[in-house]
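*Asks:* Structure file input-v9.pdb (PDB, C-alpha atoms and all ligand atoms) right here:
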ATOM      1  CA  MET A  11     -42.036  -0.069  45.654  1.00  0.00           C
ATOM      2  CA  ASN A  12     -38.345  -0.796  45.701  1.00  0.00           C
ATOM      3  CA  ILE A  13     -36.284   1.873  43.997  1.00  0.00           C
ATOM      4  CA  LYS A  14     -32.534   1.648  43.931  1.00  0.00           C
ATOM      5  CA  LEU A  15     -30.913   5.053  44.251  1.00  0.00           C
ATOM      6  CA  LYS A  16     -27.748   5.727  42.307  1.00  0.00           C
ATOM      7  CA  LEU A  17     -24.586   6.829  44.089  1.00  0.00           C
ATOM      8  CA  CYS A  18     -24.231  10.458  45.121  1.00  0.00           C
ATOM      9  CA  PRO A  19     -23.138  12.399  42.008  1.00  0.00           C
ATOM     10  CA  PHE A  20     -20.990  14.701  44.145  1.00  0.00           C
ATOM     11  CA  CYS A  21     -18.962  12.354  46.335  1.00  0.00           C
ATOM     12  CA  GLY A  22     -19.737   8.882  44.960  1.00  0.00           C
ATOM     13  CA  SER A  23     -21.117   7.617  48.270  1.00  0.00           C
ATOM     14  CA  ASP A  24     -23.783   4.942  48.484  1.00  0.00           C
ATOM     15  CA  LYS A  25     -25.048   6.380  51.778  1.00  0.00           C
ATOM     16  CA  VAL A  26     -27.952   7.987  49.980  1.00  0.00           C
ATOM     17  CA  LEU A  27     -31.325   8.036  51.705  1.00  0.00           C
ATOM     18  CA  PHE A  28     -34.857   9.227  51.204  1.00  0.00           C
ATOM     19  CA  GLU A  29     -35.780  12.068  53.494  1.00  0.00           C
ATOM     20  CA  ASP A  30     -39.359  12.888  54.406  1.00  0.00           C
ATOM     21  CA  VAL A  31     -39.749  16.606  53.827  1.00  0.00           C
ATOM     22  CA  GLY A  32     -43.545  16.715  54.061  1.00  0.00           C
ATOM     23  CA  ALA A  33     -44.452  19.539  56.416  1.00  0.00           C
ATOM     24  CA  GLU A  34     -48.137  18.790  56.880  1.00  0.00           C
ATOM     25  CA  GLY A  35     -48.056  15.106  56.261  1.00  0.00           C
ATOM     26  CA  ALA A  36     -51.037  15.309  53.948  1.00  0.00           C
ATOM     27  CA  PHE A  37     -48.906  14.581  50.910  1.00  0.00           C
ATOM     28  CA  GLU A  38     -46.087  12.226  50.158  1.00  0.00           C
ATOM     29  CA  ASP A  39     -43.213  14.697  50.058  1.00  0.00           C
ATOM     30  CA  TRP A  40     -39.770  13.223  49.663  1.00  0.00           C
ATOM     31  CA  GLY A  41     -36.253  14.456  49.171  1.00  0.00           C
ATOM     32  CA  ILE A  42     -32.974  12.599  48.952  1.00  0.00           C
ATOM     33  CA  THR A  43     -29.938  13.271  51.068  1.00  0.00           C
ATOM     34  CA  CYS A  44     -26.348  12.065  51.029  1.00  0.00           C
ATOM     35  CA  GLU A  45     -25.108  11.167  54.503  1.00  0.00           C
ATOM     36  CA  GLU A  46     -21.526  11.389  53.352  1.00  0.00           C
ATOM     37  CA  CYS A  47     -21.285  14.901  51.891  1.00  0.00           C
ATOM     38  CA  GLY A  48     -24.596  16.444  52.925  1.00  0.00           C
ATOM     39  CA  ALA A  49     -25.900  16.943  49.417  1.00  0.00           C
ATOM     40  CA  PHE A  50     -29.641  17.400  49.557  1.00  0.00           C
ATOM     41  CA  PHE A  51     -32.043  17.062  46.678  1.00  0.00           C
ATOM     42  CA  ILE A  52     -35.690  17.833  46.256  1.00  0.00           C
ATOM     43  CA  HIS A  53     -37.657  17.723  43.063  1.00  0.00           C
ATOM     44  CA  SER A  54     -40.602  19.928  42.346  1.00  0.00           C
ATOM     45  CA  ASN A  55     -43.493  18.573  40.342  1.00  0.00           C
ATOM     46  CA  ASP A  56     -45.996  21.277  39.337  1.00  0.00           C
ATOM     47  CA  GLY A  57     -45.011  23.249  42.412  1.00  0.00           C
ATOM     48  CA  CYS A  58     -45.439  20.289  44.744  1.00  0.00           C
ATOM     49  CA  VAL A  59     -42.609  18.298  46.244  1.00  0.00           C
ATOM     50  CA  SER A  60     -42.387  14.937  44.549  1.00  0.00           C
ATOM     51  CA  THR A  61     -43.443  11.518  45.713  1.00  0.00           C
ATOM     52  CA  LYS A  62     -40.787   8.979  46.580  1.00  0.00           C
ATOM     53  CA  GLU A  63     -40.928   7.503  43.119  1.00  0.00           C
ATOM     54  CA  GLU A  64     -40.766  10.855  41.326  1.00  0.00           C
ATOM     55  CA  VAL A  65     -37.835  12.134  43.357  1.00  0.00           C
ATOM     56  CA  ALA A  66     -36.001   8.837  42.847  1.00  0.00           C
ATOM     57  CA  VAL A  67     -36.479   8.998  39.080  1.00  0.00           C
ATOM     58  CA  ALA A  68     -35.187  12.585  39.061  1.00  0.00           C
ATOM     59  CA  TRP A  69     -32.200  11.691  41.275  1.00  0.00           C
ATOM     60  CA  ASN A  70     -31.263   8.733  39.114  1.00  0.00           C
ATOM     61  CA  LYS A  71     -31.439  10.713  35.881  1.00  0.00           C
ATOM     62  CA  ARG A  72     -27.917  11.773  35.015  1.00  0.00           C
ATOM     63  CA  ILE A  73     -25.330  11.699  32.307  1.00  0.00           C
ATOM     64  CA  ASN A  74     -24.169   8.203  31.674  1.00  0.00           C
ATOM     65  CA  LEU A  75     -20.687   7.805  33.060  1.00  0.00           C
ATOM     66  CA  LYS A  76     -18.945   4.579  32.224  1.00  0.00           C
ATOM     67  CA  SER A  77     -18.312   3.850  35.858  1.00  0.00           C
ATOM     68  CA  ASP A  78     -20.941   4.329  38.489  1.00  0.00           C
ATOM     69  CA  LYS A  79     -18.163   5.319  40.866  1.00  0.00           C
ATOM     70  CA  THR A  80     -18.795   8.848  39.575  1.00  0.00           C
ATOM     71  CA  MET A  81     -15.366  10.457  39.115  1.00  0.00           C
ATOM     72  CA  ALA A  82     -13.287   7.332  39.609  1.00  0.00           C
ATOM     73  CA  HIS A  83     -12.297   7.302  35.934  1.00  0.00           C
ATOM     74  CA  LEU A  84     -10.861  10.838  36.042  1.00  0.00           C
ATOM     75  CA  PRO A  85      -7.317  11.663  37.142  1.00  0.00           C
ATOM     76  CA  ILE A  86      -7.184  12.603  40.833  1.00  0.00           C
ATOM     77  CA  PRO A  87      -4.357  15.046  41.410  1.00  0.00           C
ATOM     78  CA  CYS A  88      -1.664  14.085  43.913  1.00  0.00           C
ATOM     79  CA  THR A  89      -1.365  16.780  46.566  1.00  0.00           C
ATOM     80  CA  LYS A  90       1.132  15.172  48.951  1.00  0.00           C
ATOM     81  CA  VAL A  91       4.088  15.579  46.650  1.00  0.00           C
ATOM     82  CA  GLU A  92       7.749  16.491  46.857  1.00  0.00           C
ATOM     83  CA  GLU A  93       7.646  18.688  43.762  1.00  0.00           C
ATOM     84  CA  LYS A  94       7.948  22.348  44.691  1.00  0.00           C
ATOM     85  CA  THR A  95       9.234  24.278  41.722  1.00  0.00           C
ATOM     86  CA  VAL A  96       8.225  24.445  38.065  1.00  0.00           C
ATOM     87  CA  LYS A  97      11.490  22.676  37.278  1.00  0.00           C
ATOM     88  CA  ASP A  98      10.611  19.823  39.686  1.00  0.00           C
ATOM     89  CA  TRP A  99       7.225  19.418  38.042  1.00  0.00           C
ATOM     90  CA  PHE A 100       8.587  19.307  34.503  1.00  0.00           C
ATOM     91  CA  GLN A 101      11.163  16.773  35.624  1.00  0.00           C
ATOM     92  CA  LYS A 102       8.380  14.610  37.057  1.00  0.00           C
ATOM     93  CA  ILE A 103       6.233  14.954  33.937  1.00  0.00           C
ATOM     94  CA  ASN A 104       9.216  14.175  31.695  1.00  0.00           C
ATOM     95  CA  GLU A 105       9.953  11.044  33.735  1.00  0.00           C
ATOM     96  CA  GLU A 106       6.391   9.842  33.295  1.00  0.00           C
ATOM     97  CA  LEU A 107       6.443  10.695  29.595  1.00  0.00           C
ATOM     98  CA  ASP A 108       9.726   8.817  29.173  1.00  0.00           C
ATOM     99  CA  GLU A 109       8.211   5.744  30.839  1.00  0.00           C
ATOM    100  CA  PHE A 110       5.238   6.016  28.479  1.00  0.00           C
ATOM    101  CA  LYS A 111       7.561   6.276  25.460  1.00  0.00           C
ATOM    102  CA  ASP A 112       9.754   3.395  26.656  1.00  0.00           C
ATOM    103  CA  THR A 113       6.679   1.215  27.153  1.00  0.00           C
ATOM    104  CA  VAL A 114       5.322   1.980  23.679  1.00  0.00           C
ATOM    105  CA  MET A 115       8.710   1.527  22.021  1.00  0.00           C
ATOM    106  CA  GLY A 116       9.350  -1.678  23.978  1.00  0.00           C
ATOM    107  CA  CYS A 117       6.376  -3.473  22.543  1.00  0.00           C
ATOM    108  CA  ARG A 118       7.166  -6.543  20.519  1.00  0.00           C
ATOM    109  CA  TRP A 119       6.221  -5.092  17.205  1.00  0.00           C
ATOM    110  CA  LEU A 120       5.912  -1.457  16.310  1.00  0.00           C
ATOM    111  CA  PRO A 121       5.056  -0.515  12.776  1.00  0.00           C
ATOM    112  CA  ASP A 122       5.312   3.102  11.667  1.00  0.00           C
ATOM    113  CA  GLU A 123       1.632   3.782  11.866  1.00  0.00           C
ATOM    114  CA  VAL A 124       0.051   3.720  15.279  1.00  0.00           C
ATOM    115  CA  LYS A 125      -3.268   2.617  13.860  1.00  0.00           C
ATOM    116  CA  ALA A 126      -1.598  -0.474  12.470  1.00  0.00           C
ATOM    117  CA  LEU A 127      -0.467  -1.529  15.943  1.00  0.00           C
ATOM    118  CA  ASN A 128      -1.601  -4.998  16.718  1.00  0.00           C
ATOM    119  CA  LEU A 129      -0.781  -5.209  20.380  1.00  0.00           C
ATOM    120  CA  TYR A 130      -1.332  -7.897  22.948  1.00  0.00           C
ATOM    121  CA  ILE A 131      -3.772  -6.988  25.686  1.00  0.00           C
ATOM    122  CA  ASP A 132      -1.004  -6.917  28.331  1.00  0.00           C
ATOM    123  CA  GLU A 133       0.966  -4.488  26.162  1.00  0.00           C
ATOM    124  CA  LYS A 134      -2.088  -2.272  25.865  1.00  0.00           C
ATOM    125  CA  ASN A 135      -2.571  -2.437  29.631  1.00  0.00           C
ATOM    126  CA  LYS A 136       1.023  -1.333  30.278  1.00  0.00           C
ATOM    127  CA  ILE A 137       0.766   1.507  27.764  1.00  0.00           C
ATOM    128  CA  VAL A 138      -2.500   2.832  29.106  1.00  0.00           C
ATOM    129  CA  GLU A 139      -1.214   2.744  32.699  1.00  0.00           C
ATOM    130  CA  GLU A 140       1.848   4.766  31.756  1.00  0.00           C
ATOM    131  CA  ALA A 141      -0.398   7.202  29.901  1.00  0.00           C
ATOM    132  CA  ALA A 142      -2.586   7.547  33.005  1.00  0.00           C
ATOM    133  CA  ASP A 143       0.517   8.224  35.110  1.00  0.00           C
ATOM    134  CA  THR A 144       1.525  10.999  32.725  1.00  0.00           C
ATOM    135  CA  ILE A 145      -1.945  12.544  32.687  1.00  0.00           C
ATOM    136  CA  THR A 146      -2.066  12.374  36.493  1.00  0.00           C
ATOM    137  CA  ALA A 147       1.332  14.091  36.776  1.00  0.00           C
ATOM    138  CA  ILE A 148       0.168  16.959  34.543  1.00  0.00           C
ATOM    139  CA  THR A 149      -3.127  17.196  36.442  1.00  0.00           C
ATOM    140  CA  SER A 150      -1.229  17.286  39.741  1.00  0.00           C
ATOM    141  CA  MET A 151       0.966  20.130  38.511  1.00  0.00           C
ATOM    142  CA  LEU A 152      -2.100  22.104  37.455  1.00  0.00           C
ATOM    143  CA  GLU A 153      -3.696  21.506  40.854  1.00  0.00           C
ATOM    144  CA  ALA A 154      -0.511  22.710  42.575  1.00  0.00           C
ATOM    145  CA  MET A 155      -0.759  25.887  40.468  1.00  0.00           C
ATOM    146  CA  GLY A 156      -4.274  26.503  41.773  1.00  0.00           C
ATOM    147  CA  ILE A 157      -5.918  25.380  38.547  1.00  0.00           C
ATOM    148  CA  GLY A 158      -8.783  23.354  39.971  1.00  0.00           C
ATOM    149  CA  GLU A 159     -11.130  20.782  38.549  1.00  0.00           C
ATOM    150  CA  ASP A 160     -13.683  23.315  37.283  1.00  0.00           C
ATOM    151  CA  MET A 161     -11.082  25.127  35.207  1.00  0.00           C
ATOM    152  CA  ARG A 162      -9.628  21.865  33.936  1.00  0.00           C
ATOM    153  CA  GLN A 163     -13.057  20.635  32.884  1.00  0.00           C
ATOM    154  CA  GLU A 164     -13.877  23.907  31.141  1.00  0.00           C
ATOM    155  CA  ALA A 165     -10.596  23.751  29.240  1.00  0.00           C
ATOM    156  CA  GLN A 166     -11.302  20.155  28.207  1.00  0.00           C
ATOM    157  CA  ILE A 167     -14.769  21.115  26.996  1.00  0.00           C
ATOM    158  CA  LYS A 168     -13.235  23.941  24.912  1.00  0.00           C
ATOM    159  CA  VAL A 169     -10.593  21.637  23.441  1.00  0.00           C
ATOM    160  CA  ASN A 170     -13.225  19.005  22.614  1.00  0.00           C
ATOM    161  CA  ALA A 171     -15.422  21.635  20.942  1.00  0.00           C
ATOM    162  CA  LYS A 172     -12.457  22.979  18.965  1.00  0.00           C
ATOM    163  CA  ASN A 173     -11.487  19.508  17.760  1.00  0.00           C
ATOM    164  CA  LYS A 174     -15.079  18.731  16.880  1.00  0.00           C
ATOM    165  CA  ALA A 175     -15.256  21.978  14.845  1.00  0.00           C
ATOM    166  CA  ARG A 176     -12.117  20.865  13.013  1.00  0.00           C
ATOM    167  CA  GLY A 177     -13.823  17.593  12.136  1.00  0.00           C
ATOM    168  CA  ARG A 178     -11.320  15.549  14.153  1.00  0.00           C
ATOM    169  CA  PHE A 179     -13.839  13.180  15.611  1.00  0.00           C
TER     170      PHE A 179
HETATM  171 ZN    ZN B   1     -22.450  12.806  48.594  1.00  0.00          ZN
END
Output the file's structure as structure tokens, nothing else.

*Replies:*
Amino acid sequence: MNIKLKLCPFCGSDKVLFEDVGAEGAFEDWGITCEECGAFFIHSNDGCVSTKEEVAVAWNKRINLKSDKTMAHLPIPCTKVEEKTVKDWFQKINEELDEFKDTVMGCRWLPDEVKALNLYIDEKNKIVEEAADTITAITSMLEAMGIGEDMRQEAQIKVNAKNKARGRF
């Protein structure tokens, strides 16, 4: 049996190992542990700890993120920053937003309707990078205000639900 374990869903590490948790040794009792962050996982099957295969299947079952690097596709807030005041933060965000606007407006051809844009791939790449910079700046400001990832995710879920209710996607 050769089961490949997915990366740790908490820290993204590949240092994920089976751990024998069988007390008596009569049964095949296995858990999974992350050497990086200490996450530990056992899976109960009808009250018994699972076999290696069962625990691996349970560990590998997760929502399908586009990247298997777990959170790598989400904005990571910058914490070592010079911004101190609300004014500093808005200045930073405005700078990023201006760069985004300049990049969009600087594309070779810009019809009135965004959906009609027929951009080159390098233009799209520049635009999406500037957008990511802007999103990261806003995320960093929120983090500095003590609005952590949990709250940001909850807000995003609410906004998505609201837009879905409005029939916007
Ligand atoms: Zn981990």

*Asks:* Applying the PyMOL selection byres (((not hetatm)) within 10 of (chain B and resi 1)) to the file I just gave you, which residues come out? Please list them as a PDB file with C-alpha atoms, keeping the file's coordinate frame.

*Replies:*
ATOM      1  CA  LEU A  17     -24.586   6.829  44.089  1.00  0.00           C
ATOM      2  CA  CYS A  18     -24.231  10.458  45.121  1.00  0.00           C
ATOM      3  CA  PRO A  19     -23.138  12.399  42.008  1.00  0.00           C
ATOM      4  CA  PHE A  20     -20.990  14.701  44.145  1.00  0.00           C
ATOM      5  CA  CYS A  21     -18.962  12.354  46.335  1.00  0.00           C
ATOM      6  CA  GLY A  22     -19.737   8.882  44.960  1.00  0.00           C
ATOM      7  CA  SER A  23     -21.117   7.617  48.270  1.00  0.00           C
ATOM      8  CA  ASP A  24     -23.783   4.942  48.484  1.00  0.00           C
ATOM      9  CA  LYS A  25     -25.048   6.380  51.778  1.00  0.00           C
ATOM     10  CA  VAL A  26     -27.952   7.987  49.980  1.00  0.00           C
ATOM     11  CA  THR A  43     -29.938  13.271  51.068  1.00  0.00           C
ATOM     12  CA  CYS A  44     -26.348  12.065  51.029  1.00  0.00           C
ATOM     13  CA  GLU A  45     -25.108  11.167  54.503  1.00  0.00           C
ATOM     14  CA  GLU A  46     -21.526  11.389  53.352  1.00  0.00           C
ATOM     15  CA  CYS A  47     -21.285  14.901  51.891  1.00  0.00           C
ATOM     16  CA  GLY A  48     -24.596  16.444  52.925  1.00  0.00           C
ATOM     17  CA  ALA A  49     -25.900  16.943  49.417  1.00  0.00           C
ATOM     18  CA  PHE A  50     -29.641  17.400  49.557  1.00  0.00           C
TER      19      PHE A  50
END

*Asks:* Mind giving me the straight-line distance from CA of Asp143 (chain A) to CA of Glu106 (chain A) in Å, one decimal?

*Replies:*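 A separation of 6.4 Å between them.
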
*Asks:* Taking the file as I've supplied it (selection: the PyMOL selection byres (((chain A and resi 70) around 12) and not hetatm)), which residues are included? Please answer as a list of chain:residue names.

*Replies:*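 Applying the expression gives A:Ile13, A:Lys14, A:Leu15, A:Lys16, A:Leu17, A:Cys18, A:Pro19, A:Val26, A:Ile42, A:Phe51, A:His53, A:Glu63, A:Glu64, A:Val65, A:Ala66, A:Val67, A:Ala68, A:Trp69, A:Lys71, A:Arg72, A:Ile73, A:Asn74, A:Asp78.
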
*Asks:* Residues near Tyr130 (chain A), anyone? I mean within 12 Å using only C-alpha atoms, not counting same-chain ones fewer than 6 positions away, as a ChimeraX atom specification.

*Replies:* /A:114,117-120,136-137

*Asks:* Please compute the CA of Met115 (chain A)-CA of Cys88 (chain A) distance, one decimal, in Å.

*Replies:*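 Distance between the two atoms: 27.3 Å.
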
*Asks:* Set the distance at 12 Å and use all atoms listed in the file: which residues neighbour region 163-171 of chain A once local chain neighbours fewer than 5 positions away are removed? I'd like the list as a short mmCIF file (atom, residue, chain, number, x, y, z; two decimals) with C-alpha atoms, in the frame of the given file.

*Replies:*
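And here is the file that came out, part.cif:
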data_model
loop_
_atom_site.label_atom_id
_atom_site.label_comp_id
_atom_site.auth_asym_id
_atom_site.auth_seq_id
_atom_site.Cartn_x
_atom_site.Cartn_y
_atom_site.Cartn_z
CA LEU A 84 -10.86 10.84 36.04
CA PRO A 85 -7.32 11.66 37.14
CA THR A 149 -3.13 17.20 36.44
CA LEU A 152 -2.10 22.10 37.46
CA ILE A 157 -5.92 25.38 38.55
CA GLY A 158 -8.78 23.35 39.97
CA ARG A 176 -12.12 20.86 13.01
CA GLY A 177 -13.82 17.59 12.14
CA ARG A 178 -11.32 15.55 14.15
CA PHE A 179 -13.84 13.18 15.61
#

*Asks:* List every protein, DNA or RNA residue that has at least one atom no more than 7 Å from (6.8, 16.8, 38.6) in the file's coordinates, counting only C-alpha atoms, and write the result as a PyMOL selection string.

*Replies:* chain A and resi 93+98-103+147+151

*Asks:* As a PyMOL selection string, please: the residues near Asp39 (chain A) (cut-off 12 Å, all atoms listed in the file, same-chain neighbours under 5 positions excluded).

*Replies:* chain A and resi 28-34+51-55+57-66

*Asks:* What separation in Å, quoted to one decimal, exists between CA of Met161 (chain A) and CA of Ile145 (chain A)?

*Replies:*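 The value is 15.8 Å.
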
*Asks:* I need the residue nearest Val91 (chain A) from this list: A:Asn104, A:Ser150, A:Asn12, A:Asn173. Use all atoms listed in the file for the distance.

*Replies:*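 Result for the nearest residue to Val91 (chain A): A:Ser150.
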
*Asks:* Choose the residue, out of A:Gly116, A:Arg162, A:Glu123, A:Leu129, that has the smallest atom-to-atom separation from Ile148 (chain A); count all atoms listed in the file.

*Replies:*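 Among A:Gly116, A:Arg162, A:Glu123, A:Leu129, it is A:Arg162 that comes nearest to Ile148 (chain A).
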